[in-house]
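Peer 1: Structure file data-v5.pdb, PDB, C-alpha atoms, is pasted below:
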```
MODEL        1
ATOM      1  CA  SER A   1     -11.977  36.897  73.464
ATOM      2  CA  ILE A   2     -11.178  33.280  74.263
ATOM      3  CA  ILE A   3     -13.085  30.042  73.786
ATOM      4  CA  ASP A   4     -11.731  26.978  75.591
ATOM      5  CA  GLY A   5     -12.908  23.513  74.620
ATOM      6  CA  HIS A   6     -11.989  19.898  75.264
ATOM      7  CA  VAL A   7     -10.234  17.845  72.617
ATOM      8  CA  ASP A   8     -11.632  14.636  74.098
ATOM      9  CA  GLY A   9     -13.764  13.361  76.935
ATOM     10  CA  LEU A  10     -14.228  10.248  78.973
ATOM     11  CA  ASN A  11     -16.742   8.666  76.602
ATOM     12  CA  ALA A  12     -16.768  10.819  73.475
ATOM     13  CA  PRO A  13     -14.675  13.247  71.436
ATOM     14  CA  GLY A  14     -14.633  16.819  72.722
ATOM     15  CA  ILE A  15     -16.107  19.863  70.989
ATOM     16  CA  PHE A  16     -12.595  20.914  69.845
ATOM     17  CA  ARG A  17     -11.548  17.481  68.557
ATOM     18  CA  ASN A  18     -10.789  18.965  65.108
ATOM     19  CA  VAL A  19      -9.226  22.283  66.133
ATOM     20  CA  SER A  20      -5.742  20.955  65.373
ATOM     21  CA  ASN A  21      -6.820  20.595  61.718
ATOM     22  CA  LEU A  22      -7.296  24.365  61.312
ATOM     23  CA  LYS A  23      -4.628  26.136  59.257
ATOM     24  CA  THR A  24      -3.704  29.754  58.597
ATOM     25  CA  GLY A  25      -6.188  31.163  56.081
ATOM     26  CA  ASP A  26      -9.058  28.852  57.082
ATOM     27  CA  ARG A  27     -12.417  30.318  58.026
ATOM     28  CA  TYR A  28     -14.805  29.095  60.682
ATOM     29  CA  GLU A  29     -18.100  30.214  62.194
ATOM     30  CA  VAL A  30     -19.226  30.736  65.768
ATOM     31  CA  GLU A  31     -22.966  30.722  66.359
ATOM     32  CA  MET A  32     -24.195  32.653  69.383
ATOM     33  CA  GLY A  33     -27.190  31.654  71.467
ATOM     34  CA  ASN A  34     -29.389  34.212  69.701
ATOM     35  CA  GLY A  35     -28.564  32.773  66.271
ATOM     36  CA  THR A  36     -26.041  35.449  65.235
ATOM     37  CA  ILE A  37     -23.141  33.897  63.326
ATOM     38  CA  TYR A  38     -19.633  35.349  63.431
ATOM     39  CA  VAL A  39     -17.123  34.396  60.736
ATOM     40  CA  TYR A  40     -13.432  34.284  61.707
ATOM     41  CA  LEU A  41     -10.227  34.005  59.695
ATOM     42  CA  VAL A  42      -7.418  31.899  61.171
ATOM     43  CA  LYS A  43      -4.305  34.060  61.394
ATOM     44  CA  ASP A  44      -2.054  31.544  63.154
ATOM     45  CA  VAL A  45      -2.092  28.148  64.855
ATOM     46  CA  VAL A  46       0.512  27.504  67.543
ATOM     47  CA  THR A  47       1.280  24.518  69.735
ATOM     48  CA  VAL A  48       3.086  25.456  72.928
ATOM     49  CA  ASP A  49       4.120  23.886  76.214
ATOM     50  CA  LEU A  50       1.460  24.036  78.901
ATOM     51  CA  ASP A  51       3.570  26.431  80.997
ATOM     52  CA  TYR A  52       3.832  28.939  78.126
ATOM     53  CA  ALA A  53       0.221  28.859  76.889
ATOM     54  CA  ALA A  54      -1.003  31.829  78.953
ATOM     55  CA  ASN A  55       1.617  34.076  77.343
ATOM     56  CA  ILE A  56       0.118  33.422  73.908
ATOM     57  CA  LEU A  57      -3.512  33.049  74.932
ATOM     58  CA  PHE A  58      -3.812  36.390  76.719
ATOM     59  CA  SER A  59      -1.907  38.515  74.195
ATOM     60  CA  GLN A  60      -3.349  40.458  71.297
ATOM     61  CA  ARG A  61      -1.676  40.298  67.922
ATOM     62  CA  PHE A  62      -0.692  43.633  66.394
ATOM     63  CA  GLY A  63      -3.071  44.663  63.633
ATOM     64  CA  ILE A  64      -5.865  42.243  64.557
ATOM     65  CA  THR A  65      -9.134  43.785  65.614
ATOM     66  CA  GLY A  66     -11.899  41.503  66.820
ATOM     67  CA  GLN A  67      -9.423  38.798  67.869
ATOM     68  CA  LEU A  68     -10.682  35.419  69.062
ATOM     69  CA  ASN A  69      -8.357  32.749  70.449
ATOM     70  CA  LEU A  70      -9.424  29.116  70.580
ATOM     71  CA  ILE A  71      -7.540  26.813  72.942
ATOM     72  CA  THR A  72      -7.519  23.076  73.506
ATOM     73  CA  CYS A  73      -5.177  20.347  74.662
ATOM     74  CA  GLY A  74      -2.544  18.704  72.513
ATOM     75  CA  GLY A  75       0.650  16.751  72.732
ATOM     76  CA  THR A  76       1.105  13.846  75.116
ATOM     77  CA  TYR A  77      -1.392  12.923  77.824
ATOM     78  CA  LEU A  78       0.241  12.999  81.265
ATOM     79  CA  GLN A  79      -1.619  10.326  83.218
ATOM     80  CA  ASP A  80      -0.233  11.408  86.606
ATOM     81  CA  GLN A  81      -1.351  15.031  86.026
ATOM     82  CA  ARG A  82      -4.540  14.115  84.139
ATOM     83  CA  THR A  83      -3.813  16.662  81.423
ATOM     84  CA  TYR A  84      -1.855  17.101  78.205
ATOM     85  CA  ASP A  85       1.617  18.638  78.041
ATOM     86  CA  LYS A  86       0.801  21.034  75.151
ATOM     87  CA  ARG A  87      -1.875  23.512  74.210
ATOM     88  CA  ILE A  88      -3.082  24.264  70.686
ATOM     89  CA  ILE A  89      -4.041  27.908  70.269
ATOM     90  CA  VAL A  90      -5.810  29.223  67.176
ATOM     91  CA  ILE A  91      -5.470  32.984  66.755
ATOM     92  CA  SER A  92      -8.299  34.402  64.634
ATOM     93  CA  GLU A  93      -9.714  37.674  63.367
ATOM     94  CA  LEU A  94     -13.387  38.575  63.037
ATOM     95  CA  LEU A  95     -14.406  38.962  59.395
ATOM     96  CA  THR A  96     -18.178  39.353  59.381
ATOM     97  CA  GLU A  97     -21.266  39.140  61.498
ATOM     98  CA  GLU A  98     -24.428  37.728  60.000
ATOM     99  CA  SER A  99     -27.787  38.671  61.452
ATOM    100  CA  GLU A 100     -29.980  36.247  63.323
ATOM    101  CA  LEU A 101     -31.054  33.171  61.459
ATOM    102  CA  THR A 102     -34.745  33.021  60.736
TER     103      THR A 102
ENDMDL
END
```
Please lay out the structure from this file as structure tokens.

Peer 2:
Amino acid sequence: SIIDGHVDGLNAPGIFRNVSNLKTGDRYEVEMGNGTIYVYLVKDVVTVDLDYAANILFSQRFGITGQLNLITCGGTYLQDQRTYDKRIIVISELLTEESELT
């Protein structure tokens, strides 16, 4: 699975403003709309050129089941293209699922 989020916005920081701070071995949670929380372990964090990002983003790492990739912008902002020249991709593995919060 993939979750894509902005690093910044026109008037405020984006939802993935801190993704670049994640490191291998970190854990993070994803809360679903029904309140279920999934806990993921960061397996790798890579920064790649924009043109190469799809090769990493759409591949599954050997030995990882329940893989989730997070992706956001990084590098230098290219004003003429209105995008960044790099992508930060966090490759993660599902650890646990907690039942709905009550």

Peer 1: Any chance you could resolve the PyMOL selection byres ((chain A and resi 65) around 10) against this file and give the residues as a PyMOL selection string?

Peer 2: chain A and resi 60-64+66-68+92-95

Peer 1: Hey, can you spit out that residue selection with C-alpha atoms as a PDB file, in the frame of the given file?

Peer 2:
```pdb
ATOM      1  CA  GLN A  60      -3.349  40.458  71.297  1.00  0.00           C
ATOM      2  CA  ARG A  61      -1.676  40.298  67.922  1.00  0.00           C
ATOM      3  CA  PHE A  62      -0.692  43.633  66.394  1.00  0.00           C
ATOM      4  CA  GLY A  63      -3.071  44.663  63.633  1.00  0.00           C
ATOM      5  CA  ILE A  64      -5.865  42.243  64.557  1.00  0.00           C
ATOM      6  CA  GLY A  66     -11.899  41.503  66.820  1.00  0.00           C
ATOM      7  CA  GLN A  67      -9.423  38.798  67.869  1.00  0.00           C
ATOM      8  CA  LEU A  68     -10.682  35.419  69.062  1.00  0.00           C
ATOM      9  CA  SER A  92      -8.299  34.402  64.634  1.00  0.00           C
ATOM     10  CA  GLU A  93      -9.714  37.674  63.367  1.00  0.00           C
ATOM     11  CA  LEU A  94     -13.387  38.575  63.037  1.00  0.00           C
ATOM     12  CA  LEU A  95     -14.406  38.962  59.395  1.00  0.00           C
TER      13      LEU A  95
END
```

Peer 1: Pick out the residues sitting within 7 Å of Glu29 (chain A), and hand them over as a PyMOL selection string; count all atoms listed in the file, and ignore anything fewer than 4 positions along from it in its own chain.

Peer 2: chain A and resi 37-40

Peer 1: List as a ChimeraX atom specification the protein and nucleic acid residues near Thr76 (chain A), meaning an atom at most 9 Å away when only C-alpha atoms are counted, but skip any in the same chain fewer than 2 places from it.

Peer 2: /A:74,78,83-86

Peer 1: Pick from A:Ser1, A:Thr72, A:Gln81, A:Thr96: nearest to Gly14 (chain A), with only C-alpha atoms counted?

Peer 2: A:Thr72

Peer 1: When you draw a straight line from CA of Val42 (chain A) to CA of Ala12 (chain A), how long is it in Å?

Peer 2: 26.1 Å

Peer 1: For Leu70 (chain A), list every protein, DNA or RNA residue within 6 Å, evaluated using all atoms listed in the file, and leave out those in the same chain fewer than 6 positions away; present the list as a compact mmCIF listing (two decimals) with C-alpha atoms, in the coordinates of the input.

Peer 2:
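Saved the output as out-v5.txt:
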```
# COMPACT_ATOMS: atom_id res chain seq x y z
CA ILE A 2 -11.18 33.28 74.26
CA ILE A 3 -13.08 30.04 73.79
CA ASP A 4 -11.73 26.98 75.59
CA ILE A 89 -4.04 27.91 70.27
CA VAL A 90 -5.81 29.22 67.18
```

Peer 1: With a distance cut-off of 6 Å and all atoms listed in the file, select the neighbouring residues of region 47-53 of chain A, excluding the residue or stretch itself and same-chain residues fewer than 2 positions from it, and output the selection as a ChimeraX atom specification.

Peer 2: /A:55-57,85-88

Peer 1: Just to confirm, what's the straight-line distance from CA of Tyr77 (chain A) to CA of Asn21 (chain A) in Å (one decimal)?

Peer 2: 18.6 Å

Peer 1: Pick out the closest residue to Ile15 (chain A) from this set: A:Gly35, A:Cys73, A:Arg82, A:Leu41. Count only C-alpha atoms.

Peer 2: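 Closest residue, counting only C-alpha atoms: A:Cys73.
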
Peer 1: Report, in Å to a single decimal, how far apart CA of Asn18 (chain A) and CA of Val30 (chain A) are.

Peer 2: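 Result for CA of Val30 (chain A) versus CA of Asn18 (chain A): 14.5 Å, one decimal.
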
Peer 1: Nearest to Gly25 (chain A) among A:His6, A:Phe58, A:Asp44, A:Asn11, with distances taken over all atoms listed in the file: which residue is it?

Peer 2: A:Asp44
